[in-house]
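S.K.: Take a look at final-v2.tsv, TSV, C-alpha atoms:
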chain	number	residue	atom	x	y	z
A	1	MET	CA	-234.24	6.27	111.16
A	2	GLU	CA	-236.83	8.66	112.49
A	3	SER	CA	-240.34	8.18	111.20
A	4	ILE	CA	-241.87	10.78	108.90
A	5	ALA	CA	-244.56	11.38	111.51
A	6	LYS	CA	-241.94	12.25	114.12
A	7	ILE	CA	-240.07	14.61	111.79
A	8	LEU	CA	-243.26	16.48	110.90
A	9	ALA	CA	-244.50	16.63	114.46
A	10	PRO	CA	-245.00	20.18	115.83
A	11	ASN	CA	-242.19	21.70	117.87
A	12	PRO	CA	-243.01	21.12	121.53
A	13	GLN	CA	-242.17	24.79	122.10
A	14	ASN	CA	-244.80	25.83	119.55
A	15	THR	CA	-247.40	26.44	122.21
A	16	THR	CA	-249.72	29.36	122.66
A	17	SER	CA	-247.90	32.46	124.00
A	18	HIS	CA	-249.31	35.59	125.53
A	19	LEU	CA	-248.13	39.18	125.49
A	20	LYS	CA	-249.13	41.66	128.19
A	21	VAL	CA	-250.08	45.07	126.82
A	22	GLN	CA	-250.78	48.13	128.95
A	23	SER	CA	-253.63	50.43	127.88
A	24	GLY	CA	-253.76	53.48	130.15
A	25	ASN	CA	-253.90	52.12	133.70
A	26	THR	CA	-255.20	48.74	132.54
A	27	MET	CA	-252.99	45.76	131.77
A	28	LYS	CA	-254.37	43.49	129.06
A	29	THR	CA	-253.15	40.07	127.97
A	30	GLU	CA	-253.22	39.38	124.22
A	31	THR	CA	-253.04	35.86	122.78
A	32	LEU	CA	-250.41	35.58	120.05
A	33	LEU	CA	-250.99	33.79	116.75
A	34	PRO	CA	-250.14	30.07	116.60
A	35	GLY	CA	-246.44	29.61	115.88
A	36	VAL	CA	-245.51	33.00	117.38
A	37	ILE	CA	-243.59	32.85	120.65
A	38	THR	CA	-241.84	35.33	122.96
A	39	ASN	CA	-238.29	35.11	124.25
A	40	LYS	CA	-239.75	34.82	127.74
A	41	ASP	CA	-241.80	31.70	126.94
A	42	TYR	CA	-239.24	29.91	124.75
A	43	LYS	CA	-237.42	27.12	126.61
A	44	GLY	CA	-235.53	25.51	123.75
A	45	ASP	CA	-231.88	25.52	122.75
A	46	GLY	CA	-230.01	28.03	120.67
A	47	PHE	CA	-229.81	31.80	120.75
A	48	VAL	CA	-232.54	33.61	122.67
A	49	PRO	CA	-232.65	37.43	122.79
A	50	SER	CA	-232.33	38.95	126.23
A	51	ILE	CA	-235.38	40.41	127.91
A	52	ILE	CA	-234.97	44.16	128.29
A	53	ASN	CA	-236.92	46.60	130.40
A	54	CYS	CA	-238.52	49.87	129.40
A	55	GLU	CA	-236.28	52.78	130.40
A	56	PHE	CA	-239.34	54.77	131.42
A	57	CYS	CA	-241.68	52.37	133.27
A	58	ASP	CA	-239.38	49.33	133.76
A	59	LYS	CA	-241.91	47.00	132.14
A	60	GLU	CA	-240.49	44.00	130.30
A	61	ARG	CA	-240.12	44.45	126.53
A	62	LEU	CA	-240.29	41.05	124.86
A	63	THR	CA	-239.00	39.92	121.48
A	64	LEU	CA	-241.30	37.92	119.21
A	65	GLY	CA	-240.17	34.91	117.21
A	66	PHE	CA	-241.66	32.41	114.78
A	67	SER	CA	-241.36	28.83	115.93
A	68	TYR	CA	-240.68	26.18	113.29
A	69	PHE	CA	-239.61	22.53	113.38
A	70	SER	CA	-235.95	22.98	114.31
A	71	GLY	CA	-235.96	26.25	116.20
A	72	VAL	CA	-237.09	29.87	116.24
A	73	VAL	CA	-236.53	32.83	113.93
A	74	TRP	CA	-236.50	35.98	116.06
A	75	LYS	CA	-237.89	39.29	114.83
A	76	PRO	CA	-234.87	41.20	113.47
A	77	SER	CA	-236.13	44.59	114.66
A	78	GLY	CA	-235.64	43.45	118.27
A	79	ALA	CA	-237.89	43.90	121.28
A	80	GLU	CA	-241.42	45.20	120.91
A	81	SER	CA	-242.01	48.81	121.89
A	82	CYS	CA	-243.37	49.52	125.33
A	83	SER	CA	-247.01	50.56	125.48
A	84	CYS	CA	-246.45	53.32	128.03
A	85	ASP	CA	-246.79	56.86	126.68
A	86	SER	CA	-243.10	57.71	126.87
A	87	GLY	CA	-242.04	54.39	125.39
A	88	ARG	CA	-244.57	54.65	122.58
A	89	LYS	CA	-243.45	58.20	121.72
A	90	LYS	CA	-239.80	57.15	121.63
A	91	TYR	CA	-240.64	54.18	119.40
A	92	GLU	CA	-242.60	56.41	117.01
A	93	GLN	CA	-239.67	58.84	116.83
A	94	GLU	CA	-237.26	55.98	116.15
A	95	GLN	CA	-239.51	54.72	113.35
A	96	LEU	CA	-239.67	58.24	111.89
A	97	ASN	CA	-235.88	58.48	112.00
A	98	LEU	CA	-235.54	55.11	110.30
A	99	ALA	CA	-238.03	56.14	107.61
A	100	THR	CA	-236.06	59.36	107.00
A	101	ILE	CA	-232.84	57.36	106.65
A	102	ARG	CA	-234.50	54.90	104.27
A	103	LEU	CA	-235.87	57.73	102.11
A	104	ALA	CA	-232.40	59.30	101.93
A	105	GLN	CA	-230.88	55.95	100.98
A	106	GLU	CA	-233.55	55.37	98.33
A	107	LYS	CA	-232.96	58.85	96.89
A	108	GLU	CA	-229.23	58.21	96.77
A	109	GLU	CA	-229.78	54.85	95.07
A	110	GLN	CA	-232.16	56.44	92.53
A	111	GLU	CA	-229.67	59.21	91.76
A	112	TYR	CA	-226.89	56.65	91.30
A	113	ALA	CA	-229.12	54.51	89.05
A	114	LEU	CA	-230.02	57.60	87.01
A	115	GLN	CA	-226.35	58.54	86.61
A	116	GLN	CA	-225.55	55.00	85.50
A	117	ARG	CA	-228.39	55.15	83.00
A	118	VAL	CA	-227.28	58.58	81.73
A	119	THR	CA	-223.77	57.25	81.18
A	120	ARG	CA	-225.16	54.23	79.35
A	121	VAL	CA	-227.61	56.07	77.10
A	122	ILE	CA	-224.98	58.67	76.16
A	123	SER	CA	-222.56	55.92	75.16
A	124	GLN	CA	-225.30	54.32	73.03
A	125	SER	CA	-226.57	57.55	71.47
A	126	GLY	CA	-224.17	57.52	68.51
A	127	MET	CA	-223.41	61.21	69.04
A	128	ALA	CA	-219.96	62.52	68.13
A	129	LYS	CA	-217.93	63.94	71.02
A	130	LYS	CA	-218.18	67.45	69.54
A	131	PHE	CA	-221.98	67.45	69.63
A	132	LEU	CA	-222.18	66.14	73.20
A	133	LYS	CA	-221.09	69.66	74.17
A	134	CYS	CA	-224.02	71.34	72.41
A	135	THR	CA	-226.57	72.79	74.84
A	136	PHE	CA	-229.30	75.40	74.78
A	137	GLU	CA	-227.12	77.54	77.05
A	138	ASN	CA	-224.23	77.75	74.57
A	139	TYR	CA	-226.42	78.17	71.47
A	140	VAL	CA	-225.85	81.72	70.23
A	141	ALA	CA	-229.21	83.20	69.21
A	142	VAL	CA	-228.01	86.28	67.34
A	143	ASP	CA	-231.35	87.35	65.85
A	144	GLY	CA	-235.08	87.05	66.41
A	145	SER	CA	-235.45	83.96	64.22
A	146	LYS	CA	-232.81	81.98	66.09
A	147	LYS	CA	-234.19	83.10	69.46
A	148	ALA	CA	-237.62	81.79	68.43
A	149	ILE	CA	-236.09	78.49	67.27
A	150	LYS	CA	-234.21	78.13	70.56
A	151	THR	CA	-237.38	78.80	72.57
A	152	ALA	CA	-239.42	76.30	70.52
A	153	ALA	CA	-236.75	73.56	70.72
A	154	LEU	CA	-236.22	74.06	74.46
A	155	GLY	CA	-239.97	73.85	75.03
A	156	TYR	CA	-240.08	70.65	72.99
A	157	ALA	CA	-237.28	69.09	75.07
A	158	LYS	CA	-238.80	70.14	78.40
A	159	ASN	CA	-242.20	68.72	77.45
A	160	PHE	CA	-240.93	65.61	75.70
A	161	THR	CA	-242.63	63.05	77.95
A	162	GLY	CA	-245.67	61.67	76.14
A	163	GLN	CA	-244.70	63.51	72.96
A	164	THR	CA	-245.68	61.86	69.66
A	165	GLU	CA	-244.96	64.77	67.33
A	166	GLY	CA	-241.44	65.43	66.08
A	167	LEU	CA	-239.62	68.35	64.46
A	168	PHE	CA	-238.46	69.03	60.92
A	169	ILE	CA	-235.73	71.67	61.19
A	170	HIS	CA	-234.90	73.22	57.82
A	171	GLY	CA	-232.32	75.87	57.05
A	172	GLU	CA	-229.24	76.82	55.10
A	173	MET	CA	-225.84	75.36	55.97
A	174	GLY	CA	-224.27	76.80	59.10
A	175	THR	CA	-227.43	78.19	60.66
A	176	GLY	CA	-227.22	76.00	63.79
A	177	LYS	CA	-229.63	73.18	62.93
A	178	THR	CA	-227.28	70.45	64.21
A	179	HIS	CA	-226.56	72.40	67.40
A	180	ILE	CA	-230.28	72.73	68.15
A	181	ALA	CA	-230.94	69.02	67.45
A	182	SER	CA	-227.94	68.03	69.60
A	183	ALA	CA	-229.12	70.31	72.43
A	184	ILE	CA	-232.48	68.51	72.40
A	185	ALA	CA	-230.67	65.16	72.52
A	186	ASN	CA	-228.34	66.20	75.36
A	187	HIS	CA	-231.22	67.65	77.41
A	188	LEU	CA	-233.03	64.29	77.23
A	189	LEU	CA	-229.91	62.14	77.65
A	190	ASN	CA	-229.10	63.95	80.89
A	191	GLN	CA	-232.52	62.89	82.18
A	192	GLY	CA	-231.75	59.26	81.32
A	193	ILE	CA	-234.02	59.22	78.25
A	194	ALA	CA	-232.53	57.17	75.43
A	195	VAL	CA	-231.87	59.09	72.20
A	196	ILE	CA	-230.10	58.13	69.00
A	197	CYS	CA	-228.65	61.12	67.17
A	198	MET	CA	-226.76	60.47	63.93
A	199	ASN	CA	-226.48	61.92	60.48
A	200	GLU	CA	-227.95	60.01	57.56
A	201	ARG	CA	-224.60	58.54	56.53
A	202	GLN	CA	-223.83	57.22	60.03
A	203	LEU	CA	-227.34	55.82	60.46
A	204	LEU	CA	-227.26	53.83	57.23
A	205	GLY	CA	-223.61	52.90	57.74
A	206	LYS	CA	-224.44	51.27	61.07
A	207	ILE	CA	-227.04	49.08	59.35
A	208	LYS	CA	-224.61	48.11	56.58
A	209	GLN	CA	-221.98	47.27	59.16
A	210	SER	CA	-224.46	45.07	61.02
A	211	PHE	CA	-225.22	42.80	58.08
A	212	GLU	CA	-221.61	42.74	56.91
A	213	SER	CA	-220.67	41.51	60.40
A	214	SER	CA	-223.72	39.29	60.83
A	215	ARG	CA	-221.60	36.17	61.31
A	216	SER	CA	-219.92	37.60	64.39
A	217	PHE	CA	-221.45	36.50	67.67
A	218	ASP	CA	-220.66	39.79	69.41
A	219	SER	CA	-222.15	42.13	66.80
A	220	ASP	CA	-225.75	43.30	66.51
A	221	SER	CA	-227.78	41.86	63.64
A	222	GLU	CA	-229.39	44.10	61.02
A	223	SER	CA	-232.81	43.44	62.52
A	224	GLN	CA	-231.57	44.42	66.00
A	225	VAL	CA	-230.15	47.72	64.72
A	226	LEU	CA	-233.34	48.50	62.81
A	227	LYS	CA	-235.43	47.60	65.86
A	228	THR	CA	-233.40	50.05	67.95
A	229	TYR	CA	-233.94	52.85	65.41
A	230	GLU	CA	-237.64	52.08	65.28
A	231	THR	CA	-238.27	51.90	69.04
A	232	VAL	CA	-235.84	54.32	70.76
A	233	PRO	CA	-237.81	57.11	72.51
A	234	LEU	CA	-236.33	59.75	70.19
A	235	LEU	CA	-234.52	59.31	66.87
A	236	ILE	CA	-232.69	62.31	65.42
A	237	ILE	CA	-231.46	62.16	61.81
A	238	ASP	CA	-229.15	65.04	61.00
A	239	ASP	CA	-228.51	66.36	57.47
A	240	MET	CA	-231.15	64.29	55.69
A	241	GLY	CA	-230.80	64.52	51.91
A	242	LYS	CA	-227.07	65.21	51.96
A	243	GLU	CA	-225.93	61.73	50.91
A	244	LYS	CA	-226.21	60.03	47.54
A	245	VAL	CA	-229.23	57.71	47.63
A	246	THR	CA	-229.88	54.22	46.31
A	247	GLN	CA	-232.99	52.12	46.26
A	248	TRP	CA	-231.69	50.31	49.34
A	249	SER	CA	-230.95	53.48	51.33
A	250	ILE	CA	-234.26	55.14	50.53
A	251	ALA	CA	-236.22	51.95	51.27
A	252	THR	CA	-234.40	51.59	54.59
A	253	LEU	CA	-235.10	55.19	55.59
A	254	TYR	CA	-238.77	54.74	54.76
A	255	ALA	CA	-238.95	51.51	56.78
A	256	ILE	CA	-237.56	53.27	59.87
A	257	ILE	CA	-239.73	56.38	59.52
A	258	ASP	CA	-242.88	54.36	58.77
A	259	ALA	CA	-242.31	52.08	61.77
A	260	ARG	CA	-241.99	55.12	64.04
A	261	TYR	CA	-245.08	56.65	62.44
A	262	GLU	CA	-247.14	53.54	63.18
A	263	ALA	CA	-245.78	53.32	66.74
A	264	GLU	CA	-246.38	57.06	67.30
A	265	LYS	CA	-242.71	57.56	68.16
A	266	PRO	CA	-241.33	61.07	67.56
A	267	ILE	CA	-238.51	61.85	65.15
A	268	VAL	CA	-236.40	64.98	64.68
A	269	ILE	CA	-234.98	65.70	61.21
A	270	THR	CA	-232.56	68.42	60.19
A	271	SER	CA	-232.02	69.19	56.53
A	272	ASN	CA	-230.73	71.84	54.14
A	273	TYR	CA	-233.83	71.11	52.04
A	274	ASN	CA	-237.51	71.72	52.63
A	275	LEU	CA	-239.88	68.78	52.21
A	276	ASN	CA	-240.57	69.46	48.52
A	277	GLU	CA	-236.87	69.74	47.75
A	278	LEU	CA	-236.19	66.65	49.85
A	279	VAL	CA	-238.34	64.51	47.53
A	280	ASN	CA	-235.96	65.33	44.68
A	281	ARG	CA	-232.87	64.74	46.85
A	282	LEU	CA	-234.15	61.34	48.03
A	283	THR	CA	-235.07	60.10	44.54
A	284	PRO	CA	-232.39	57.79	43.06
A	285	LYS	CA	-230.86	59.35	39.95
A	286	GLU	CA	-229.94	56.23	38.00
A	287	LYS	CA	-232.27	55.73	35.04
A	288	TRP	CA	-233.34	52.27	36.14
A	289	GLU	CA	-234.02	53.50	39.68
A	290	ASN	CA	-235.48	56.94	38.98
A	291	ASP	CA	-238.72	56.50	40.92
A	292	SER	CA	-239.83	59.14	43.42
A	293	THR	CA	-242.60	57.02	45.01
A	294	THR	CA	-240.67	56.13	48.18
A	295	ALA	CA	-239.23	59.64	48.50
A	296	ARG	CA	-242.72	61.14	48.29
A	297	ALA	CA	-243.95	58.63	50.87
A	298	ILE	CA	-241.18	59.73	53.27
A	299	ALA	CA	-242.09	63.41	52.78
A	300	ASP	CA	-245.75	62.58	53.34
A	301	ARG	CA	-244.99	60.75	56.61
A	302	LEU	CA	-242.75	63.58	57.85
A	303	THR	CA	-245.42	66.16	57.03
A	304	GLU	CA	-247.82	64.31	59.32
A	305	MET	CA	-245.29	63.38	62.01
A	306	THR	CA	-243.40	66.65	62.52
A	307	GLN	CA	-243.74	70.34	63.21
A	308	TYR	CA	-241.93	72.33	60.51
A	309	ILE	CA	-239.34	74.83	61.76
A	310	GLU	CA	-237.31	77.02	59.42
A	311	VAL	CA	-234.02	78.45	60.65
A	312	LEU	CA	-233.36	81.78	58.98
A	313	GLY	CA	-230.41	84.13	59.24
A	314	GLU	CA	-226.76	84.24	58.33
A	315	SER	CA	-224.53	81.19	58.63
A	316	PHE	CA	-222.52	81.03	61.85
A	317	ARG	CA	-219.56	79.85	59.80
A	318	ARG	CA	-219.59	82.99	57.67
A	319	ARG	CA	-219.43	85.11	60.83
A	320	LYS	CA	-216.15	83.53	61.97
Please rewrite the model in this file as structure tokens.
M.R.:
Amino acid sequence: MESIAKILAPNPQNTTSHLKVQSGNTMKTETLLPGVITNKDYKGDGFVPSIINCEFCDKERLTLGFSYFSGVVWKPSGAESCSCDSGRKKYEQEQLNLATIRLAQEKEEQEYALQQRVTRVISQSGMAKKFLKCTFENYVAVDGSKKAIKTAALGYAKNFTGQTEGLFIHGEMGTGKTHIASAIANHLLNQGIAVICMNERQLLGKIKQSFESSRSFDSDSESQVLKTYETVPLLIIDDMGKEKVTQWSIATLYAIIDARYEAEKPIVITSNYNLNELVNRLTPKEKWENDSTTARAIADRLTEMTQYIEVLGESFRRRK
């Protein structure tokens, strides 16, 4: 058995190597770092790159390698560039070409990664297929009010990055509130920004489903669903105030809104009711639950968190 001392002994080829470098009309000899060797100096076994000559001045172009205990690792980029003017210029051009190719490859990889992310965030958005088609381009602004709403919502979507304020979009049924909210969501989703866009019934139903299925290993827990609602970059709740409320539903809505308030995460709400009317709609009607405290707290948070937008004009549905 070989002794440890013999195994750890330096490679006999790991001697000091020199590389001749031409500077103008002067030839200089540079001492390489310990452990670095050229293919001209290496005398060991195994693969050794061939010595090539400069196509312009015929000077030898050597390949550098790192010598270790059992052999040499050669520089993968091949022979060093020649130091003559023509050789240096060709090398610089080759490096520029390689950099251009790498940038193109990186751009392609980034675009592919973005497309993958867009596909993923759309699938996780909770949006119905119908509303994935809603854009600012196909929103019909038939009067001055709707044109102003479209302009404001588009500006909000375009300047979303770093946004902490949300929107409260109020208007009668059929005035295009859901279309505008969906257009905001789709604009951001197509940039790879995660958005959850659901109506109140779907939002609460997802939470109920999570704790009813809490024993299943492949289902999200209630806390995971709530965490997603609380932390997603943008949460859109459509048709708030439309569903019958209970103490549980109103407490859950407040927990989500309050968490986003504290984290300075924006929220977009659409509703047929203004904030004062919403307090009444979100107050449980059963005698033993008839307490408006939580509903008023929600309205108070939304007042502070959102910009109020009222959609006026005739219902689109009545026009059809």
S.K.: Could you tell me how far atom CA of Lys206 of chain A sits from atom CA of Ala157 of chain A, in Å to one decimal place?
M.R.: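 So the answer is 26.0 Å.
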S.K.: At what distance in Å, to one decimal, does atom CA of Arg260 of chain A lie from atom CA of Arg281 of chain A?
M.R.: 21.7 Å
S.K.: To one decimal in Å, tell me the separation between atom CA of Arg120 of chain A and atom CA of Leu189 of chain A.
M.R.: 9.4 Å
S.K.: For Glu60 of chain A, which residue out of A:Asn39, A:Asn159, A:Asn190, A:Thr175 is the nearest one, using all atoms listed in the file?
M.R.: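 Of all the options, A:Asn39 lies closest to Glu60 of chain A.
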S.K.: Would you mind listing what lies within 6 Å of Ser125 of chain A as a PyMOL selection string, with only C-alpha atoms counted and same-chain residues fewer than 4 positions away left out?
M.R.: chain A and resi 121+195-197
S.K.: I'd like the neighbourhood of segment 220-229 of chain A as a PyMOL selection string, where a residue qualifies if any of its atoms comes within 12 Å (using only C-alpha atoms), though same-chain residues fewer than 2 positions away should be ignored.
M.R.: chain A and resi 124-126+194-198+203-218+231-237+252-260+263+265-267
S.K.: A:Glu92, A:Glu264, A:Val36, A:Thr293: which is nearest Gln163 of chain A, counting all atoms listed in the file?
M.R.: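 Result for the nearest residue to Gln163 of chain A: A:Glu264.
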S.K.: Need to verify the contact set: His179 of chain A, 10 Å, all atoms listed in the file, exclusion of same-chain residues closer than 3 positions in sequence. Can you return it as a count of residues only?
M.R.: 17
S.K.: What's around segment 88-91 of chain A at 12 Å? Count all atoms listed in the file, leave out sequence neighbours fewer than 3 positions away in its own chain, and write the answer as a PDB file with C-alpha atoms, keeping the file's coordinate frame.
M.R.:
ATOM      1  CA  VAL A  21    -250.080  45.070 126.820  1.00  0.00           C
ATOM      2  CA  GLN A  22    -250.780  48.130 128.950  1.00  0.00           C
ATOM      3  CA  SER A  23    -253.630  50.430 127.880  1.00  0.00           C
ATOM      4  CA  GLY A  24    -253.760  53.480 130.150  1.00  0.00           C
ATOM      5  CA  CYS A  54    -238.520  49.870 129.400  1.00  0.00           C
ATOM      6  CA  GLU A  55    -236.280  52.780 130.400  1.00  0.00           C
ATOM      7  CA  PHE A  56    -239.340  54.770 131.420  1.00  0.00           C
ATOM      8  CA  CYS A  57    -241.680  52.370 133.270  1.00  0.00           C
ATOM      9  CA  ARG A  61    -240.120  44.450 126.530  1.00  0.00           C
ATOM     10  CA  SER A  77    -236.130  44.590 114.660  1.00  0.00           C
ATOM     11  CA  GLY A  78    -235.640  43.450 118.270  1.00  0.00           C
ATOM     12  CA  ALA A  79    -237.890  43.900 121.280  1.00  0.00           C
ATOM     13  CA  GLU A  80    -241.420  45.200 120.910  1.00  0.00           C
ATOM     14  CA  SER A  81    -242.010  48.810 121.890  1.00  0.00           C
ATOM     15  CA  CYS A  82    -243.370  49.520 125.330  1.00  0.00           C
ATOM     16  CA  SER A  83    -247.010  50.560 125.480  1.00  0.00           C
ATOM     17  CA  CYS A  84    -246.450  53.320 128.030  1.00  0.00           C
ATOM     18  CA  ASP A  85    -246.790  56.860 126.680  1.00  0.00           C
ATOM     19  CA  GLU A  94    -237.260  55.980 116.150  1.00  0.00           C
ATOM     20  CA  GLN A  95    -239.510  54.720 113.350  1.00  0.00           C
ATOM     21  CA  LEU A  96    -239.670  58.240 111.890  1.00  0.00           C
ATOM     22  CA  ASN A  97    -235.880  58.480 112.000  1.00  0.00           C
ATOM     23  CA  LEU A  98    -235.540  55.110 110.300  1.00  0.00           C
TER      24      LEU A  98
END
S.K.: Please determine, counting all atoms listed in the file, which residue among A:Tyr112, A:Tyr261, A:Phe47, A:Phe69 has the shortest atom-to-atom distance to Thr164 of chain A.
M.R.: A:Tyr261
S.K.: Between A:Gln115, A:Asn274, A:Asn186, A:Thr294, which has the minimum distance to Ile309 of chain A (counting all atoms listed in the file)?
M.R.: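 Residue with the minimum atom-to-atom distance to Ile309 of chain A: A:Asn274.
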S.K.: Excluding Ala148 of chain A and its own-chain neighbours fewer than 6 positions away, which residues fall within 12 Å of it when counting all atoms listed in the file? Please give them as a VMD selection string.
M.R.: chain A and resid 140 to 142 154 to 155 180 309 to 313
S.K.: Which residue is closest to Ile269 of chain A? Choose from A:Gly87, A:Gly241, A:Gly162, A:Pro284 and count only C-alpha atoms.
M.R.: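 Smallest distance to Ile269 of chain A is found for A:Gly241.
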S.K.: For Leu188 of chain A, which residue among A:Ala104, A:Ile169, A:Val118, A:Ile149 is the nearest when counting all atoms listed in the file?
M.R.: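 For Leu188 of chain A, the nearest of the candidates is A:Val118.
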